[in-house]
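Asks: Got a structure here, written out as structure tokens. Questions coming.
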Amino acid sequence: MSTIFISYRRSDSAGYAGRLADSLEPLLGSRKIFRDVEDIKPGDDFVRVIERYLKKAKVFLVIIGKHWLDAEDGQGKRRLDDPGDHVRIEVESALRLGIVVIPVLVGGAAMPAAAELPGSLSALANRQAIELTDSRWDHDVGRLLQTLTETGFGRYRKFLGKPALAGKKPARILWAAGITSAAVALAWAAQLFFATPDLNGNWYFEGGDYLLIRQDGHRFSVERIDPAMQTSYEKGTGVINGRRLEFNLDPVYSQQFQYRGDLEMSWKGDRLRGTLTEVLSDRTLSVELSRDKARILETSASER
């Protein structure tokens, strides 16, 4: 059985590794994810177990946080320079076995250069990395999932992005295609990740004014409207990338208060969360909008 091997340094990125595993397991199945904290038992020979699991793995994800490169041992020496360092052993073995190696950057970390790595790990610097951010976690995991399917991981690739699946009953899909329930779940999840959501309509700020979005595929026009005056005082356009919206808002009556918007739609489809950045001052505001005006006003009142 092909698996995904998640490598990480506990002092650097254990939380991110656990969160990533929790995000992938419902889509791929827990048996397809290997993490040493769960899968190596007390008393096991670490090197032998790692080697055994790596030989089964099709994809190797190395989680790189800000201190992955320069983490030190008890004597103040860089751990990666120790040939017996567990993380070094994992990465060396993955590179040697020819597994698909994907660096995953977390916590604002940068990809290390070849000159910063031990010679046996220098090939890691040539691998294309993917970044996971807290503010766009679901979107970024969706991009990672797409990358996994593009590597041909397991049997899932052929089920991505097939609209024909939407009109068929799951039982018929299972019978006709002979696939597992996990593959069906992944097909539906892939559509959830990559299908363009419907954003048309009013999205209300806490104060009661709202964004009016008119969507055309991956593009949309947007207006910020004062409900009391029924006046549009900012207008703009934007693009949709997955569940993320990027747009500009330009003032209608002056040259001040130009904004850049970066919002992400909740999985329920009822909220937009993110930031508005005022272009001239570069001041950033965290915002949350709701399709339901009454709901967001009620939430605002309860918080006060």
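Chain labels run A, B, ... following the order of the structure tokens; each chain numbers its residues from 1, and ligands are numbered from 1 in the order shown.
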List as a PyMOL selection string the protein and nucleic acid residues near segment 209-211 of chain A, meaning an atom at most 7 Å away when only C-alpha atoms are counted, but skip any in the same chain fewer than 2 places from it.

Replies: chain A and resi 202-205+207+213+222-227

Asks: Measure the distance from atom CA of Leu95 of chain A to atom CA of Thr149 of chain A in Å and round it to one decimal.

Replies: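 Computing the Euclidean distance for atom CA of Leu95 of chain A and atom CA of Thr149 of chain A yields 20.0 Å.
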
Asks: Go through segment 255-296 of chain A and collect every residue that DSSP, computed from the backbone, puts in strand (DSSP E); the answer should be as a ChimeraX atom specification.

Replies: /A:259-265,271-278,283-290

Asks: Atom CA of Val59 of chain A and atom CA of Ser120 of chain A are how many Å apart?

Replies: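 Separation between atom CA of Val59 of chain A and atom CA of Ser120 of chain A: 19.1 Å.
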
Asks: Do you know which residues are at most 10 Å from Arg260 of chain A counting only C-alpha atoms, after dropping those on the same chain fewer than 6 positions away, and could you put them as a list in words?

Replies: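 Once the adjacent positions are removed, what remains is Gly236, Gly238, Glu246, Phe247, Asn248, Leu249, Asp250, Thr275, Leu276, Thr277, Glu278, Val279, Asp282 and Thr284 of chain A.
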
Asks: Those residues with all heavy atoms, as a short mmCIF file (atom, residue, chain, number, x, y, z; two decimals), in the first residue's frame please?

Replies:
```cif
data_model
loop_
_atom_site.label_atom_id
_atom_site.label_comp_id
_atom_site.auth_asym_id
_atom_site.auth_seq_id
_atom_site.Cartn_x
_atom_site.Cartn_y
_atom_site.Cartn_z
N GLY A 236 -14.89 47.93 -7.40
CA GLY A 236 -13.68 47.27 -7.86
C GLY A 236 -13.97 45.96 -8.54
O GLY A 236 -15.13 45.60 -8.81
N GLY A 238 -12.27 41.67 -8.96
CA GLY A 238 -11.40 40.70 -8.31
C GLY A 238 -11.44 39.36 -9.00
O GLY A 238 -12.15 39.15 -9.98
N GLU A 246 -9.40 37.76 -4.08
CA GLU A 246 -8.47 38.88 -4.10
C GLU A 246 -9.08 39.96 -4.97
O GLU A 246 -9.48 39.70 -6.11
CB GLU A 246 -7.11 38.44 -4.65
CG GLU A 246 -6.41 37.40 -3.78
CD GLU A 246 -5.10 36.93 -4.38
OE1 GLU A 246 -4.95 37.02 -5.62
OE2 GLU A 246 -4.22 36.49 -3.62
N PHE A 247 -9.14 41.20 -4.46
CA PHE A 247 -9.83 42.25 -5.20
C PHE A 247 -9.30 43.62 -4.79
O PHE A 247 -8.58 43.77 -3.80
CB PHE A 247 -11.34 42.18 -4.96
CG PHE A 247 -11.75 42.29 -3.51
CD1 PHE A 247 -12.11 43.52 -2.96
CD2 PHE A 247 -11.78 41.17 -2.69
CE1 PHE A 247 -12.48 43.62 -1.64
CE2 PHE A 247 -12.15 41.28 -1.35
CZ PHE A 247 -12.50 42.49 -0.82
N ASN A 248 -9.67 44.62 -5.59
CA ASN A 248 -9.38 46.01 -5.27
C ASN A 248 -10.69 46.76 -5.06
O ASN A 248 -11.73 46.40 -5.63
CB ASN A 248 -8.59 46.68 -6.40
CG ASN A 248 -9.41 46.74 -7.68
OD1 ASN A 248 -9.60 45.74 -8.36
ND2 ASN A 248 -9.90 47.94 -8.03
N LEU A 249 -10.65 47.79 -4.24
CA LEU A 249 -11.79 48.68 -4.05
C LEU A 249 -11.29 50.11 -4.24
O LEU A 249 -10.43 50.58 -3.48
CB LEU A 249 -12.39 48.53 -2.65
CG LEU A 249 -13.35 47.36 -2.42
CD1 LEU A 249 -13.71 47.27 -0.94
CD2 LEU A 249 -14.60 47.49 -3.26
N ASP A 250 -11.79 50.79 -5.26
CA ASP A 250 -11.39 52.16 -5.55
C ASP A 250 -12.53 53.11 -5.19
O ASP A 250 -13.70 52.82 -5.45
CB ASP A 250 -11.06 52.31 -7.04
CG ASP A 250 -9.87 51.46 -7.44
OD1 ASP A 250 -8.92 51.36 -6.65
OD2 ASP A 250 -9.90 50.86 -8.54
N THR A 275 -8.58 40.18 5.27
CA THR A 275 -8.08 41.52 5.54
C THR A 275 -8.44 42.49 4.42
O THR A 275 -8.60 42.10 3.26
CB THR A 275 -6.54 41.52 5.68
OG1 THR A 275 -5.95 41.00 4.49
CG2 THR A 275 -6.11 40.68 6.87
N LEU A 276 -8.57 43.76 4.81
CA LEU A 276 -8.63 44.88 3.87
C LEU A 276 -7.43 45.76 4.19
O LEU A 276 -7.23 46.17 5.34
CB LEU A 276 -9.92 45.67 4.04
CG LEU A 276 -11.22 45.03 3.54
CD1 LEU A 276 -12.40 45.95 3.86
CD2 LEU A 276 -11.16 44.76 2.04
N THR A 277 -6.61 46.05 3.16
CA THR A 277 -5.43 46.88 3.35
C THR A 277 -5.62 48.21 2.64
O THR A 277 -5.89 48.25 1.44
CB THR A 277 -4.18 46.17 2.79
OG1 THR A 277 -4.01 44.92 3.46
CG2 THR A 277 -2.94 47.02 3.02
N GLU A 278 -5.51 49.31 3.40
CA GLU A 278 -5.61 50.65 2.82
C GLU A 278 -4.30 50.94 2.09
O GLU A 278 -3.23 50.91 2.67
CB GLU A 278 -5.85 51.68 3.92
CG GLU A 278 -6.62 52.91 3.47
CD GLU A 278 -5.74 53.87 2.70
OE1 GLU A 278 -4.68 54.23 3.22
OE2 GLU A 278 -6.12 54.25 1.58
N VAL A 279 -4.39 51.19 0.77
CA VAL A 279 -3.21 51.21 -0.09
C VAL A 279 -2.23 52.31 0.29
O VAL A 279 -1.02 52.07 0.39
CB VAL A 279 -3.64 51.37 -1.57
CG1 VAL A 279 -2.42 51.53 -2.46
CG2 VAL A 279 -4.46 50.16 -2.01
N ASP A 282 -0.98 51.61 3.95
CA ASP A 282 -0.62 50.21 4.15
C ASP A 282 -1.15 49.67 5.48
O ASP A 282 -0.63 48.71 6.03
CB ASP A 282 0.90 50.02 4.08
CG ASP A 282 1.28 48.60 3.64
OD1 ASP A 282 0.52 48.02 2.84
OD2 ASP A 282 2.32 48.10 4.07
N THR A 284 -3.67 47.63 7.69
CA THR A 284 -4.45 46.41 7.44
C THR A 284 -5.51 46.23 8.51
O THR A 284 -5.22 46.34 9.71
CB THR A 284 -3.54 45.18 7.38
OG1 THR A 284 -2.63 45.32 6.29
CG2 THR A 284 -4.34 43.91 7.17
#
```

Asks: Choose the residue, out of A:Leu105, A:Leu199, A:Ile50, A:Ile6, that has the smallest atom-to-atom separation from Lys32 of chain A; count only C-alpha atoms.

Replies: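 Smallest separation from Lys32 of chain A among the options: A:Ile6.
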
Asks: Quick one: of A:Asp292, A:Asp12, A:Asp45, A:Asp22, who's nearest to Asp70 of chain A, counting only C-alpha atoms?

Replies: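 The answer is A:Asp12, which sits nearest to Asp70 of chain A.
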
Asks: Select, from A:Tyr16, A:Tyr259, A:Phe220, A:Phe5, the residue with the minimum atom-to-atom distance to Arg35 of chain A, counting only C-alpha atoms.

Replies: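 Selected residue with least distance to Arg35 of chain A: A:Phe5.
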
Asks: With distances taken over only C-alpha atoms, which residue among A:Gln258, A:Glu206, A:Trp137, A:Arg214 lies nearest Arg271 of chain A?

Replies: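 Ranking A:Gln258, A:Glu206, A:Trp137, A:Arg214 by distance to Arg271 of chain A, first place goes to A:Glu206.
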
Asks: Please, what distance in Å, to one decimal, runs between atom CA of Leu289 of chain A and atom CA of Gly208 of chain A?

Replies: 9.7 Å

Asks: From the list A:Met111, A:Tyr233, A:Met265, A:Ile102, which residue is nearest Glu288 of chain A when using only C-alpha atoms?

Replies: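 Ranked by minimum distance to Glu288 of chain A, first place goes to A:Met265.
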
Asks: Residues of segment 7-127 of chain A in alpha helix (DSSP H) according to DSSP, as JSON, numbers by chain?

Replies: {"A": [10, 11, 12, 13, 14, 15, 16, 17, 18, 19, 20, 21, 22, 23, 24, 25, 26, 27, 28, 36, 37, 38, 39, 46, 47, 48, 49, 50, 51, 52, 53, 54, 55, 56, 86, 87, 88, 89, 90, 91, 92, 93, 94, 95, 96, 97]}

Asks: With C-alpha atoms kept, could you save the residues just selected as a PDB file, in the first residue's frame?

Replies:
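File written: selection_4.pdb
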```pdb
ATOM      1  CA  ARG A  10       9.240  17.918  16.976  1.00  0.00           C
ATOM      2  CA  SER A  11      10.834  21.016  18.462  1.00  0.00           C
ATOM      3  CA  ASP A  12      10.185  22.909  15.247  1.00  0.00           C
ATOM      4  CA  SER A  13       6.869  21.879  13.690  1.00  0.00           C
ATOM      5  CA  ALA A  14       5.090  19.116  15.620  1.00  0.00           C
ATOM      6  CA  GLY A  15       1.872  21.152  15.760  1.00  0.00           C
ATOM      7  CA  TYR A  16       1.865  21.763  12.020  1.00  0.00           C
ATOM      8  CA  ALA A  17       2.598  18.103  11.288  1.00  0.00           C
ATOM      9  CA  GLY A  18      -0.342  17.012  13.444  1.00  0.00           C
ATOM     10  CA  ARG A  19      -2.660  19.574  11.876  1.00  0.00           C
ATOM     11  CA  LEU A  20      -1.645  18.487   8.374  1.00  0.00           C
ATOM     12  CA  ALA A  21      -2.201  14.819   9.205  1.00  0.00           C
ATOM     13  CA  ASP A  22      -5.627  15.675  10.629  1.00  0.00           C
ATOM     14  CA  SER A  23      -6.475  17.529   7.401  1.00  0.00           C
ATOM     15  CA  LEU A  24      -5.329  14.733   5.077  1.00  0.00           C
ATOM     16  CA  GLU A  25      -6.579  11.667   6.940  1.00  0.00           C
ATOM     17  CA  PRO A  26     -10.328  12.213   6.267  1.00  0.00           C
ATOM     18  CA  LEU A  27      -9.504  12.464   2.552  1.00  0.00           C
ATOM     19  CA  LEU A  28      -6.878   9.751   2.148  1.00  0.00           C
ATOM     20  CA  ASP A  36       6.549   8.677  13.798  1.00  0.00           C
ATOM     21  CA  VAL A  37       4.801   9.962  16.926  1.00  0.00           C
ATOM     22  CA  GLU A  38       1.875   7.619  16.229  1.00  0.00           C
ATOM     23  CA  ASP A  39       3.419   4.797  14.228  1.00  0.00           C
ATOM     24  CA  PHE A  46      13.872   3.794  14.838  1.00  0.00           C
ATOM     25  CA  VAL A  47      16.128   3.441  11.804  1.00  0.00           C
ATOM     26  CA  ARG A  48      14.689   0.066  10.768  1.00  0.00           C
ATOM     27  CA  VAL A  49      11.085   1.212  11.171  1.00  0.00           C
ATOM     28  CA  ILE A  50      11.756   4.399   9.181  1.00  0.00           C
ATOM     29  CA  GLU A  51      13.423   2.418   6.406  1.00  0.00           C
ATOM     30  CA  ARG A  52      10.501  -0.016   6.277  1.00  0.00           C
ATOM     31  CA  TYR A  53       7.891   2.719   6.016  1.00  0.00           C
ATOM     32  CA  LEU A  54       9.897   4.719   3.495  1.00  0.00           C
ATOM     33  CA  LYS A  55      10.037   1.704   1.184  1.00  0.00           C
ATOM     34  CA  LYS A  56       6.217   1.702   1.186  1.00  0.00           C
ATOM     35  CA  HIS A  86      16.569  11.280  12.969  1.00  0.00           C
ATOM     36  CA  VAL A  87      15.329  13.997  10.614  1.00  0.00           C
ATOM     37  CA  ARG A  88      18.539  13.830   8.596  1.00  0.00           C
ATOM     38  CA  ILE A  89      18.244  10.052   8.342  1.00  0.00           C
ATOM     39  CA  GLU A  90      14.651  10.345   7.085  1.00  0.00           C
ATOM     40  CA  VAL A  91      15.455  12.923   4.405  1.00  0.00           C
ATOM     41  CA  GLU A  92      18.645  11.134   3.299  1.00  0.00           C
ATOM     42  CA  SER A  93      16.757   7.854   2.956  1.00  0.00           C
ATOM     43  CA  ALA A  94      13.880   9.424   1.014  1.00  0.00           C
ATOM     44  CA  LEU A  95      16.278  11.078  -1.449  1.00  0.00           C
ATOM     45  CA  ARG A  96      18.240   7.850  -1.854  1.00  0.00           C
ATOM     46  CA  LEU A  97      15.129   5.727  -2.466  1.00  0.00           C
TER      47      LEU A  97
END
```
